[in-house]
$ cat input18.cif   # mmCIF, C-alpha atoms and all ligand atoms
data_data
loop_
_atom_site.group_PDB
_atom_site.id
_atom_site.type_symbol
_atom_site.label_atom_id
_atom_site.label_comp_id
_atom_site.auth_asym_id
_atom_site.auth_seq_id
_atom_site.Cartn_x
_atom_site.Cartn_y
_atom_site.Cartn_z
ATOM 1 C CA MET F 162 13.434 1.179 12.724
ATOM 2 C CA ASN F 163 15.306 2.795 9.840
ATOM 3 C CA LYS F 164 14.903 3.325 6.071
ATOM 4 C CA ASN F 165 15.774 -0.309 5.452
ATOM 5 C CA THR F 166 13.409 -1.789 8.022
ATOM 6 C CA ARG F 167 11.275 -4.600 6.622
ATOM 7 C CA VAL F 168 8.171 -6.268 7.967
ATOM 8 C CA LYS F 169 7.821 -10.040 7.876
ATOM 9 C CA LEU F 170 4.844 -11.393 5.935
ATOM 10 C CA ASN F 171 2.920 -14.558 6.837
ATOM 11 C CA ASP F 172 4.671 -16.396 3.971
ATOM 12 C CA ASP F 173 8.070 -15.611 5.555
ATOM 13 C CA LEU F 174 9.054 -13.057 2.904
ATOM 14 C CA THR F 175 9.711 -9.470 3.971
ATOM 15 C CA MET F 176 8.677 -6.040 2.708
ATOM 16 C CA PRO F 177 10.128 -2.528 3.277
ATOM 17 C CA VAL F 178 7.837 -0.498 5.550
ATOM 18 C CA VAL F 179 7.785 2.626 3.348
ATOM 19 C CA ALA F 180 6.816 2.560 -0.347
ATOM 20 C CA LEU F 181 6.373 5.193 -3.012
ATOM 21 C CA GLY F 182 2.750 5.200 -4.185
ATOM 22 C CA VAL F 183 2.241 6.178 -7.838
ATOM 23 C CA TRP F 184 -1.538 6.493 -8.180
ATOM 24 C CA GLN F 185 -2.206 9.674 -10.176
ATOM 25 C CA SER F 186 1.492 10.317 -10.758
ATOM 26 C CA HIS F 187 0.735 10.300 -14.509
ATOM 27 C CA GLU F 188 3.604 11.523 -16.712
ATOM 28 C CA ASP F 189 5.754 12.224 -13.635
ATOM 29 C CA THR F 190 5.825 8.552 -12.638
ATOM 30 C CA LYS F 191 9.233 7.618 -14.062
ATOM 31 C CA ASN F 192 10.924 10.617 -12.508
ATOM 32 C CA ALA F 193 9.221 10.069 -9.138
ATOM 33 C CA VAL F 194 10.330 6.424 -9.037
ATOM 34 C CA LEU F 195 13.891 7.358 -10.035
ATOM 35 C CA ASN F 196 13.986 9.989 -7.285
ATOM 36 C CA ALA F 197 12.554 7.590 -4.739
ATOM 37 C CA LEU F 198 15.133 4.916 -5.570
ATOM 38 C CA LYS F 199 17.898 7.551 -5.413
ATOM 39 C CA HIS F 200 16.782 8.530 -1.906
ATOM 40 C CA GLY F 201 16.608 5.045 -0.466
ATOM 41 C CA TYR F 202 13.116 3.750 -1.236
ATOM 42 C CA ARG F 203 13.163 0.063 -2.168
ATOM 43 C CA HIS F 204 9.418 -0.482 -2.449
ATOM 44 C CA ILE F 205 7.140 0.792 -5.237
ATOM 45 C CA ASP F 206 3.376 0.339 -5.280
ATOM 46 C CA THR F 207 1.617 0.422 -8.651
ATOM 47 C CA ALA F 208 -1.445 -1.202 -10.272
ATOM 48 C CA ALA F 209 -2.660 -2.133 -13.741
ATOM 49 C CA ALA F 210 -5.399 0.477 -13.297
ATOM 50 C CA TYR F 211 -2.873 3.276 -12.764
ATOM 51 C CA HIS F 212 -1.678 2.896 -16.374
ATOM 52 C CA ASN F 213 1.914 3.574 -15.426
ATOM 53 C CA GLU F 214 3.500 0.136 -15.080
ATOM 54 C CA GLU F 215 5.731 0.826 -18.119
ATOM 55 C CA ALA F 216 7.078 3.990 -16.515
ATOM 56 C CA VAL F 217 7.737 2.163 -13.236
ATOM 57 C CA GLY F 218 9.563 -0.578 -15.166
ATOM 58 C CA GLU F 219 11.679 1.926 -17.077
ATOM 59 C CA ALA F 220 12.726 3.653 -13.867
ATOM 60 C CA ILE F 221 13.676 0.361 -12.191
ATOM 61 C CA LYS F 222 15.820 -0.567 -15.181
ATOM 62 C CA GLU F 223 17.408 2.864 -15.477
ATOM 63 C CA SER F 224 18.207 2.993 -11.738
ATOM 64 C CA GLY F 225 20.703 0.144 -12.119
ATOM 65 C CA ILE F 226 19.630 -1.227 -8.733
ATOM 66 C CA PRO F 227 19.547 -5.043 -8.772
ATOM 67 C CA ARG F 228 16.015 -6.377 -9.221
ATOM 68 C CA ASN F 229 16.108 -8.421 -6.032
ATOM 69 C CA GLU F 230 16.729 -5.291 -3.946
ATOM 70 C CA ILE F 231 13.446 -3.652 -5.003
ATOM 71 C CA PHE F 232 10.004 -4.754 -3.804
ATOM 72 C CA ILE F 233 7.369 -4.234 -6.509
ATOM 73 C CA THR F 234 3.617 -4.488 -5.999
ATOM 74 C CA THR F 235 0.982 -4.411 -8.709
ATOM 75 C CA LYS F 236 -2.750 -5.164 -8.678
ATOM 76 C CA LEU F 237 -5.391 -7.116 -10.581
ATOM 77 C CA TRP F 238 -8.092 -4.819 -11.971
ATOM 78 C CA ASN F 239 -11.834 -5.375 -11.437
ATOM 79 C CA GLU F 240 -12.649 -6.054 -15.085
ATOM 80 C CA ASP F 241 -10.065 -8.850 -15.122
ATOM 81 C CA ILE F 242 -11.536 -10.256 -11.896
ATOM 82 C CA ARG F 243 -15.058 -10.277 -13.369
ATOM 83 C CA ASN F 244 -13.819 -11.692 -16.696
ATOM 84 C CA ARG F 245 -11.818 -14.501 -15.007
ATOM 85 C CA ASN F 246 -8.683 -13.139 -16.646
ATOM 86 C CA THR F 247 -6.246 -13.262 -13.720
ATOM 87 C CA ARG F 248 -3.387 -15.151 -15.368
ATOM 88 C CA ASP F 249 -3.306 -13.024 -18.539
ATOM 89 C CA ALA F 250 -3.672 -9.861 -16.489
ATOM 90 C CA LEU F 251 -0.584 -10.662 -14.410
ATOM 91 C CA LYS F 252 1.372 -11.589 -17.550
ATOM 92 C CA SER F 253 0.375 -8.301 -19.130
ATOM 93 C CA SER F 254 1.502 -6.393 -16.014
ATOM 94 C CA LEU F 255 4.836 -8.247 -16.012
ATOM 95 C CA ASP F 256 5.318 -7.383 -19.709
ATOM 96 C CA LYS F 257 4.667 -3.721 -19.043
ATOM 97 C CA LEU F 258 6.947 -3.675 -16.011
ATOM 98 C CA GLY F 259 9.643 -5.596 -17.933
ATOM 99 C CA LEU F 260 9.927 -8.062 -15.039
ATOM 100 C CA ASP F 261 9.864 -11.862 -14.633
ATOM 101 C CA TYR F 262 8.018 -11.642 -11.325
ATOM 102 C CA VAL F 263 6.437 -9.140 -8.962
ATOM 103 C CA ASP F 264 6.982 -9.272 -5.225
ATOM 104 C CA LEU F 265 3.326 -8.817 -4.386
ATOM 105 C CA TYR F 266 0.163 -9.207 -6.454
ATOM 106 C CA LEU F 267 -3.059 -7.833 -4.967
ATOM 107 C CA ILE F 268 -6.749 -8.109 -5.813
ATOM 108 C CA HIS F 269 -7.465 -4.403 -6.273
ATOM 109 C CA TRP F 270 -11.128 -4.387 -5.113
ATOM 110 C CA PRO F 271 -13.519 -7.120 -3.937
ATOM 111 C CA ALA F 272 -15.222 -7.300 -7.348
ATOM 112 C CA GLU F 273 -17.526 -10.212 -8.252
ATOM 113 C CA GLY F 274 -15.400 -13.331 -8.763
ATOM 114 C CA TYR F 275 -12.602 -12.337 -6.367
ATOM 115 C CA GLU F 276 -12.579 -15.777 -4.713
ATOM 116 C CA GLU F 277 -11.801 -17.474 -8.042
ATOM 117 C CA ALA F 278 -9.246 -14.840 -8.901
ATOM 118 C CA TYR F 279 -7.493 -15.426 -5.600
ATOM 119 C CA LEU F 280 -7.390 -19.206 -6.152
ATOM 120 C CA GLU F 281 -5.690 -18.518 -9.513
ATOM 121 C CA MET F 282 -3.245 -16.176 -7.767
ATOM 122 C CA GLU F 283 -2.305 -19.018 -5.420
ATOM 123 C CA LYS F 284 -1.221 -20.976 -8.528
ATOM 124 C CA LEU F 285 0.653 -18.002 -9.961
ATOM 125 C CA GLN F 286 2.510 -17.716 -6.667
ATOM 126 C CA GLU F 287 3.501 -21.387 -6.812
ATOM 127 C CA GLU F 288 4.769 -20.831 -10.364
ATOM 128 C CA GLY F 289 6.925 -17.926 -9.162
ATOM 129 C CA LEU F 290 5.234 -15.158 -11.157
ATOM 130 C CA THR F 291 4.517 -13.379 -7.890
ATOM 131 C CA ARG F 292 6.336 -13.930 -4.622
ATOM 132 C CA SER F 293 3.462 -12.980 -2.299
ATOM 133 C CA ILE F 294 -0.263 -12.539 -2.777
ATOM 134 C CA GLY F 295 -2.839 -10.410 -1.046
ATOM 135 C CA VAL F 296 -5.850 -8.152 -1.342
ATOM 136 C CA SER F 297 -6.784 -4.501 -1.301
ATOM 137 C CA ASN F 298 -9.913 -2.694 -0.137
ATOM 138 C CA PHE F 299 -11.206 -5.764 1.697
ATOM 139 C CA ARG F 300 -13.273 -5.177 4.818
ATOM 140 C CA LYS F 301 -13.612 -7.791 7.543
ATOM 141 C CA SER F 302 -16.680 -9.364 5.884
ATOM 142 C CA HIS F 303 -14.840 -9.799 2.552
ATOM 143 C CA LEU F 304 -11.874 -11.360 4.348
ATOM 144 C CA GLU F 305 -14.059 -13.758 6.319
ATOM 145 C CA ASN F 306 -15.698 -14.915 3.101
ATOM 146 C CA LEU F 307 -12.350 -15.224 1.292
ATOM 147 C CA LEU F 308 -10.711 -17.185 4.099
ATOM 148 C CA SER F 309 -13.538 -19.719 4.062
ATOM 149 C CA LYS F 310 -12.878 -20.481 0.376
ATOM 150 C CA VAL F 311 -9.129 -20.350 -0.264
ATOM 151 C CA ASN F 312 -5.988 -22.170 0.889
ATOM 152 C CA LYS F 313 -3.591 -19.357 1.796
ATOM 153 C CA ILE F 314 -4.275 -16.418 4.049
ATOM 154 C CA PRO F 315 -3.460 -13.197 2.135
ATOM 155 C CA SER F 316 -0.146 -11.686 3.203
ATOM 156 C CA VAL F 317 -1.375 -8.115 2.876
ATOM 157 C CA ASN F 318 -4.555 -6.047 2.903
ATOM 158 C CA GLN F 319 -4.067 -2.572 1.430
ATOM 159 C CA ILE F 320 -6.805 -0.199 2.623
ATOM 160 C CA GLU F 321 -7.458 3.506 2.915
ATOM 161 C CA THR F 322 -5.961 4.487 6.267
ATOM 162 C CA ASN F 323 -5.130 7.963 7.513
ATOM 163 C CA PRO F 324 -5.923 10.034 10.619
ATOM 164 C CA GLN F 325 -9.532 10.607 9.496
ATOM 165 C CA MET F 326 -10.147 7.054 8.295
ATOM 166 C CA VAL F 327 -9.228 4.068 10.443
ATOM 167 C CA ASP F 328 -11.291 0.879 9.953
ATOM 168 C CA GLU F 329 -10.459 -0.603 13.376
ATOM 169 C CA GLU F 330 -12.586 -3.710 12.904
ATOM 170 C CA THR F 331 -10.793 -4.704 9.690
ATOM 171 C CA ILE F 332 -7.387 -3.827 11.133
ATOM 172 C CA GLN F 333 -8.060 -5.958 14.218
ATOM 173 C CA PHE F 334 -9.161 -8.903 12.062
ATOM 174 C CA CYS F 335 -5.983 -8.585 9.984
ATOM 175 C CA LYS F 336 -3.819 -8.523 13.118
ATOM 176 C CA GLU F 337 -5.464 -11.684 14.424
ATOM 177 C CA ASN F 338 -4.834 -13.412 11.090
ATOM 178 C CA LYS F 339 -1.281 -12.112 10.563
ATOM 179 C CA ILE F 340 -2.248 -10.055 7.535
ATOM 180 C CA VAL F 341 -0.056 -6.946 7.170
ATOM 181 C CA ILE F 342 -1.989 -3.707 6.664
ATOM 182 C CA GLU F 343 -0.776 -1.226 4.069
ATOM 183 C CA ALA F 344 -2.191 2.309 4.156
ATOM 184 C CA TRP F 345 -3.197 3.861 0.857
ATOM 185 C CA SER F 346 -3.688 7.616 0.916
ATOM 186 C CA PRO F 347 -1.886 7.792 4.269
ATOM 187 C CA LEU F 348 -2.042 11.589 4.052
ATOM 188 C CA GLY F 349 -5.753 11.504 3.231
ATOM 189 C CA SER F 350 -4.747 12.637 -0.292
ATOM 190 C CA GLY F 351 -3.469 15.777 1.355
ATOM 191 C CA ALA F 352 -6.655 16.422 3.402
ATOM 192 C CA CYS F 353 -5.007 15.652 6.764
ATOM 193 C CA LEU F 354 -1.986 17.891 6.273
ATOM 194 C CA ASN F 355 -3.621 21.043 7.685
ATOM 195 C CA ASP F 356 -5.214 19.492 10.763
ATOM 196 C CA SER F 357 -4.512 21.751 13.756
ATOM 197 C CA THR F 358 -3.857 18.897 16.234
ATOM 198 C CA ILE F 359 -1.354 17.295 13.859
ATOM 199 C CA GLN F 360 0.234 20.715 13.275
ATOM 200 C CA GLU F 361 0.729 21.168 17.043
ATOM 201 C CA ILE F 362 2.384 17.760 17.317
ATOM 202 C CA ALA F 363 4.507 18.556 14.254
ATOM 203 C CA ASP F 364 5.703 21.816 15.833
ATOM 204 C CA LYS F 365 6.665 19.969 18.994
ATOM 205 C CA TYR F 366 8.815 17.405 17.149
ATOM 206 C CA GLN F 367 9.996 19.934 14.525
ATOM 207 C CA LYS F 368 8.712 17.705 11.749
ATOM 208 C CA SER F 369 6.141 18.233 8.999
ATOM 209 C CA THR F 370 2.536 17.118 9.436
ATOM 210 C CA ALA F 371 3.155 14.521 6.688
ATOM 211 C CA GLN F 372 6.027 13.061 8.713
ATOM 212 C CA ILE F 373 3.934 12.921 11.901
ATOM 213 C CA ILE F 374 1.139 11.064 10.105
ATOM 214 C CA LEU F 375 3.510 8.570 8.455
ATOM 215 C CA ARG F 376 5.382 7.954 11.706
ATOM 216 C CA TRP F 377 2.078 7.427 13.580
ATOM 217 C CA LEU F 378 1.120 4.727 11.046
ATOM 218 C CA LEU F 379 4.520 3.041 11.239
ATOM 219 C CA GLN F 380 4.288 2.929 15.038
ATOM 220 C CA LYS F 381 0.893 1.230 14.595
ATOM 221 C CA ARG F 382 2.746 -1.381 12.473
ATOM 222 C CA ILE F 383 1.072 -0.210 9.288
ATOM 223 C CA VAL F 384 3.097 -0.021 6.066
ATOM 224 C CA VAL F 385 2.821 3.390 4.355
ATOM 225 C CA LEU F 386 2.579 4.187 0.636
ATOM 226 C CA PRO F 387 2.749 8.007 0.380
ATOM 227 C CA LYS F 388 2.458 9.386 -3.146
ATOM 228 C CA SER F 389 4.430 12.403 -4.272
ATOM 229 C CA VAL F 390 5.954 13.563 -7.531
ATOM 230 C CA HIS F 391 8.114 16.219 -5.812
ATOM 231 C CA GLU F 392 11.663 15.271 -4.899
ATOM 232 C CA GLU F 393 11.742 17.242 -1.639
ATOM 233 C CA ARG F 394 8.513 15.590 -0.468
ATOM 234 C CA ILE F 395 9.719 12.158 -1.584
ATOM 235 C CA ILE F 396 12.791 12.714 0.632
ATOM 236 C CA GLU F 397 10.649 14.000 3.526
ATOM 237 C CA ASN F 398 8.246 11.061 3.365
ATOM 238 C CA ILE F 399 10.951 8.496 4.124
ATOM 239 C CA ASP F 400 12.826 10.677 6.620
ATOM 240 C CA LEU F 401 10.886 9.192 9.539
ATOM 241 C CA PHE F 402 13.429 7.405 11.637
ATOM 242 C CA ASP F 403 15.131 9.968 13.895
ATOM 243 C CA PHE F 404 12.152 10.550 16.181
ATOM 244 C CA GLU F 405 9.464 8.604 17.992
ATOM 245 C CA LEU F 406 5.945 9.725 18.919
ATOM 246 C CA SER F 407 5.145 9.410 22.613
ATOM 247 C CA GLU F 408 2.219 7.275 23.751
ATOM 248 C CA GLU F 409 0.328 10.450 24.560
ATOM 249 C CA ASP F 410 0.784 11.829 21.041
ATOM 250 C CA MET F 411 -0.102 8.459 19.502
ATOM 251 C CA ASN F 412 -3.358 8.642 21.465
ATOM 252 C CA LEU F 413 -4.038 12.205 20.301
ATOM 253 C CA MET F 414 -3.603 11.013 16.702
ATOM 254 C CA ASN F 415 -5.864 8.007 17.310
ATOM 255 C CA GLN F 416 -8.635 10.337 18.472
ATOM 256 C CA LEU F 417 -8.817 12.070 15.072
ATOM 257 C CA ASN F 418 -10.621 9.147 13.435
ATOM 258 C CA GLN F 419 -13.926 10.153 11.818
ATOM 259 C CA HIS F 420 -14.394 7.115 9.562
ATOM 260 C CA ARG F 421 -14.373 9.611 6.732
ATOM 261 C CA ARG F 422 -13.193 8.152 3.435
ATOM 262 C CA THR F 423 -11.577 10.176 0.662
ATOM 263 C CA GLY F 424 -12.052 7.227 -1.695
ATOM 264 C CA PRO F 425 -14.833 4.733 -2.470
ATOM 265 C CA ASN F 426 -16.390 2.446 0.129
ATOM 266 C CA PRO F 427 -15.460 -1.224 -0.497
ATOM 267 C CA ASP F 428 -19.025 -2.242 0.474
ATOM 268 C CA ASN F 429 -20.518 -0.066 -2.199
ATOM 269 C CA PHE F 430 -18.403 0.752 -5.254
ATOM 270 C CA ASP F 431 -19.635 1.038 -8.823
ATOM 271 C CA PHE F 432 -16.590 0.442 -11.033
HETATM 272 P P1 LIG F 501 2.417 15.840 -4.829
HETATM 273 O O1 LIG F 501 2.450 14.511 -5.551
HETATM 274 O O2 LIG F 501 2.129 16.981 -5.743
HETATM 275 O O3 LIG F 501 3.644 16.049 -3.976
HETATM 276 P P2 LIG F 501 -1.714 10.409 -0.322
HETATM 277 O O4 LIG F 501 -0.450 9.635 -0.430
HETATM 278 O O5 LIG F 501 -2.360 10.399 1.006
HETATM 279 O O6 LIG F 501 -2.706 10.049 -1.417
HETATM 280 O O7 LIG F 501 -1.370 11.939 -0.532
HETATM 281 C C1 LIG F 501 -0.841 12.379 -1.734
HETATM 282 C C2 LIG F 501 -1.065 13.861 -1.873
HETATM 283 O O8 LIG F 501 -0.326 14.582 -0.877
HETATM 284 C C3 LIG F 501 -0.576 14.345 -3.201
HETATM 285 O O9 LIG F 501 -1.415 15.402 -3.596
HETATM 286 C C4 LIG F 501 0.838 14.822 -2.920
HETATM 287 O O10 LIG F 501 1.157 15.864 -3.811
HETATM 288 C C5 LIG F 501 0.713 15.358 -1.501
HETATM 289 N N1 LIG F 501 1.941 15.129 -0.690
HETATM 290 C C6 LIG F 501 2.687 14.028 -0.623
HETATM 291 N N2 LIG F 501 3.686 14.151 0.270
HETATM 292 C C7 LIG F 501 3.567 15.392 0.791
HETATM 293 C C8 LIG F 501 4.300 16.116 1.761
HETATM 294 N N3 LIG F 501 5.351 15.587 2.371
HETATM 295 N N4 LIG F 501 3.882 17.379 2.045
HETATM 296 C C9 LIG F 501 2.797 17.924 1.426
HETATM 297 N N5 LIG F 501 2.070 17.287 0.498
HETATM 298 C C10 LIG F 501 2.436 16.033 0.181
#

$ encode --input "input18.cif" --output "structure tokens" --more "lines below"
Ligand code: A2P
Amino acid sequence: MNKNTRVKLNDDLTMPVVALGVWQSHEDTKNAVLNALKHGYRHIDTAAAYHNEEAVGEAIKESGIPRNEIFITTKLWNEDIRNRNTRDALKSSLDKLGLDYVDLYLIHWPAEGYEEAYLEMEKLQEEGLTRSIGVSNFRKSHLENLLSKVNKIPSVNQIETNPQMVDEETIQFCKENKIVIEAWSPLGSGACLNDSTIQEIADKYQKSTAQIILRWLLQKRIVVLPKSVHEERIIENIDLFDFELSEEDMNLMNQLNQHRRTGPNPDNFDF
């Protein structure tokens, strides 16, 4: 593995294994994306609900990097799922991003009407407005329901995953169905960075706790989307390829799971 390593999706397209996440990057978004692209990131993860697609688009344009070298994900918001507004929502995202297509379009949450929304996304994929399609915050039960009603298995499921929060059942189901898992809040929104076990492992490898967590996820074949607006952290969060965690340390990390979410529960959200 190196900075340019890509994972193959079930539609035969590929995706870089590290992305910059921009949730809550606010007015720092453009600068964070420019820094990420400068330091070798080629994958940016945004969403309509983050209200920063324009800033992401501006940074992509200003970077001068050819469009086809950057993998861009955005997401369909719940209101647009409930209002059966999938097509217009993607067009609006494309307008804001200043792009003709996104690489990956995700259903942000399993809001009422997600099956219909996904069927519309299958059409949008055929029309080339998005290269791949997938879901986010789907648990096994949501995926089982979706798969019984649609034609294409999602390429990706983006879920909260970090040392304190591993939904093994959903991850196992995704593995069996060749759905790539992406980890949002891989650092537990910062909550996992001071864990004493992770600190001990970090000292041993002479890496930061953030790097240990991200490397642990990559070795579990999970794509990581760390968010930072600080250049030195952006650099650190993709500097993951000159060490490998031993099986023993992987197991120590696996034991930290408490099924403790920092974000909402997909079975019970109210937005
Ligand atoms: P900041 O953007 O100010 O750098 P997650 O991706 O799990 O949601 O975590 C994001 C949080 O962790 C943000 O508060 C971010 O702060 C912080 N963060 C990101 N990368 C690092 C790092 N390498 N070291 C310490 N904190 C980090």

$ resolve_selection --input "input18.cif" --expression "the PyMOL selection byres (((chain F and resi 387) around 9) and not hetatm)" --output "VMD selection string"
chain F and resid 179 to 183 344 to 348 350 375 385 to 386 388 to 389 395 398

$ write_last_selection --input "input18.cif" --atoms "C-alpha atoms" --output "short mmCIF file (atom, residue, chain, number, x, y, z; two decimals), in the coordinates of the input"
data_model
loop_
_atom_site.label_atom_id
_atom_site.label_comp_id
_atom_site.auth_asym_id
_atom_site.auth_seq_id
_atom_site.Cartn_x
_atom_site.Cartn_y
_atom_site.Cartn_z
CA VAL F 179 7.78 2.63 3.35
CA ALA F 180 6.82 2.56 -0.35
CA LEU F 181 6.37 5.19 -3.01
CA GLY F 182 2.75 5.20 -4.18
CA VAL F 183 2.24 6.18 -7.84
CA ALA F 344 -2.19 2.31 4.16
CA TRP F 345 -3.20 3.86 0.86
CA SER F 346 -3.69 7.62 0.92
CA PRO F 347 -1.89 7.79 4.27
CA LEU F 348 -2.04 11.59 4.05
CA SER F 350 -4.75 12.64 -0.29
CA LEU F 375 3.51 8.57 8.46
CA VAL F 385 2.82 3.39 4.36
CA LEU F 386 2.58 4.19 0.64
CA LYS F 388 2.46 9.39 -3.15
CA SER F 389 4.43 12.40 -4.27
CA ILE F 395 9.72 12.16 -1.58
CA ASN F 398 8.25 11.06 3.36
#

$ resolve_selection --input "input18.cif" --expression "the PyMOL selection byres (((chain F and resi 404) around 10) and not hetatm)" --output "list in words"
Tyr366, Gln367, Lys368, Gln372, Ile373, Arg376, Asp400, Leu401, Phe402, Asp403, Glu405, Leu406 and Ser407 of chain F

$ atom_distance --input "input18.cif" --atom1 "atom CA of Ile226 of chain F" --atom2 "atom CA of Leu198 of chain F"
8.2 Å

$ axis_aligned_box --input "input18.cif" --around "ligand LIG 501 (chain F)" --padding-each-side "4 Å" --output "AutoDock Vina command-line options"
--center_x 1.3 --center_y 13.8 --center_z -1.7 --size_x 16.1 --size_y 16.3 --size_z 16.1

$ residues_around --input "input18.cif" --residues "Gly218 of chain F" --least-positions-apart "6" --cutoff "8 Å" --atoms "all atoms listed in the file" --output "ChimeraX atom specification"
/F:257-260

$ residues_around --input "input18.cif" --residues "segment 318-329 of chain F" --least-positions-apart "3" --cutoff "6 Å" --atoms "all atoms listed in the file" --output "list in words"
Val296, Ser297, Asn298, Ile332, Gln333, Ile342, Glu343, Ala344, Trp345, Ser346, Pro347, Leu348, Gly349, Leu417, Asn418, Gln419, His420, Arg421 and Arg422 of chain F

$ resolve_selection --input "input18.cif" --expression "the PyMOL selection byres (((chain F and resi 282) around 12) and not hetatm)" --output "short mmCIF file (atom, residue, chain, number, x, y, z; two decimals) with C-alpha atoms, in the coordinates of the input"
data_model
loop_
_atom_site.label_atom_id
_atom_site.label_comp_id
_atom_site.auth_asym_id
_atom_site.auth_seq_id
_atom_site.Cartn_x
_atom_site.Cartn_y
_atom_site.Cartn_z
CA LYS F 236 -2.75 -5.16 -8.68
CA LEU F 237 -5.39 -7.12 -10.58
CA ILE F 242 -11.54 -10.26 -11.90
CA ARG F 245 -11.82 -14.50 -15.01
CA ASN F 246 -8.68 -13.14 -16.65
CA THR F 247 -6.25 -13.26 -13.72
CA ARG F 248 -3.39 -15.15 -15.37
CA ASP F 249 -3.31 -13.02 -18.54
CA ALA F 250 -3.67 -9.86 -16.49
CA LEU F 251 -0.58 -10.66 -14.41
CA LYS F 252 1.37 -11.59 -17.55
CA LEU F 265 3.33 -8.82 -4.39
CA TYR F 266 0.16 -9.21 -6.45
CA LEU F 267 -3.06 -7.83 -4.97
CA ILE F 268 -6.75 -8.11 -5.81
CA TYR F 275 -12.60 -12.34 -6.37
CA GLU F 276 -12.58 -15.78 -4.71
CA GLU F 277 -11.80 -17.47 -8.04
CA ALA F 278 -9.25 -14.84 -8.90
CA TYR F 279 -7.49 -15.43 -5.60
CA LEU F 280 -7.39 -19.21 -6.15
CA GLU F 281 -5.69 -18.52 -9.51
CA GLU F 283 -2.31 -19.02 -5.42
CA LYS F 284 -1.22 -20.98 -8.53
CA LEU F 285 0.65 -18.00 -9.96
CA GLN F 286 2.51 -17.72 -6.67
CA GLU F 287 3.50 -21.39 -6.81
CA GLU F 288 4.77 -20.83 -10.36
CA GLY F 289 6.92 -17.93 -9.16
CA LEU F 290 5.23 -15.16 -11.16
CA THR F 291 4.52 -13.38 -7.89
CA ARG F 292 6.34 -13.93 -4.62
CA SER F 293 3.46 -12.98 -2.30
CA ILE F 294 -0.26 -12.54 -2.78
CA GLY F 295 -2.84 -10.41 -1.05
CA VAL F 296 -5.85 -8.15 -1.34
CA VAL F 311 -9.13 -20.35 -0.26
CA ASN F 312 -5.99 -22.17 0.89
CA LYS F 313 -3.59 -19.36 1.80
CA ILE F 314 -4.28 -16.42 4.05
CA PRO F 315 -3.46 -13.20 2.13
#

$ closest_residue --input "input18.cif" --among "F:Ala371, F:Val341, F:Ile362, F:Leu354" --to "Met411 of chain F" --atoms "all atoms listed in the file"
F:Ile362
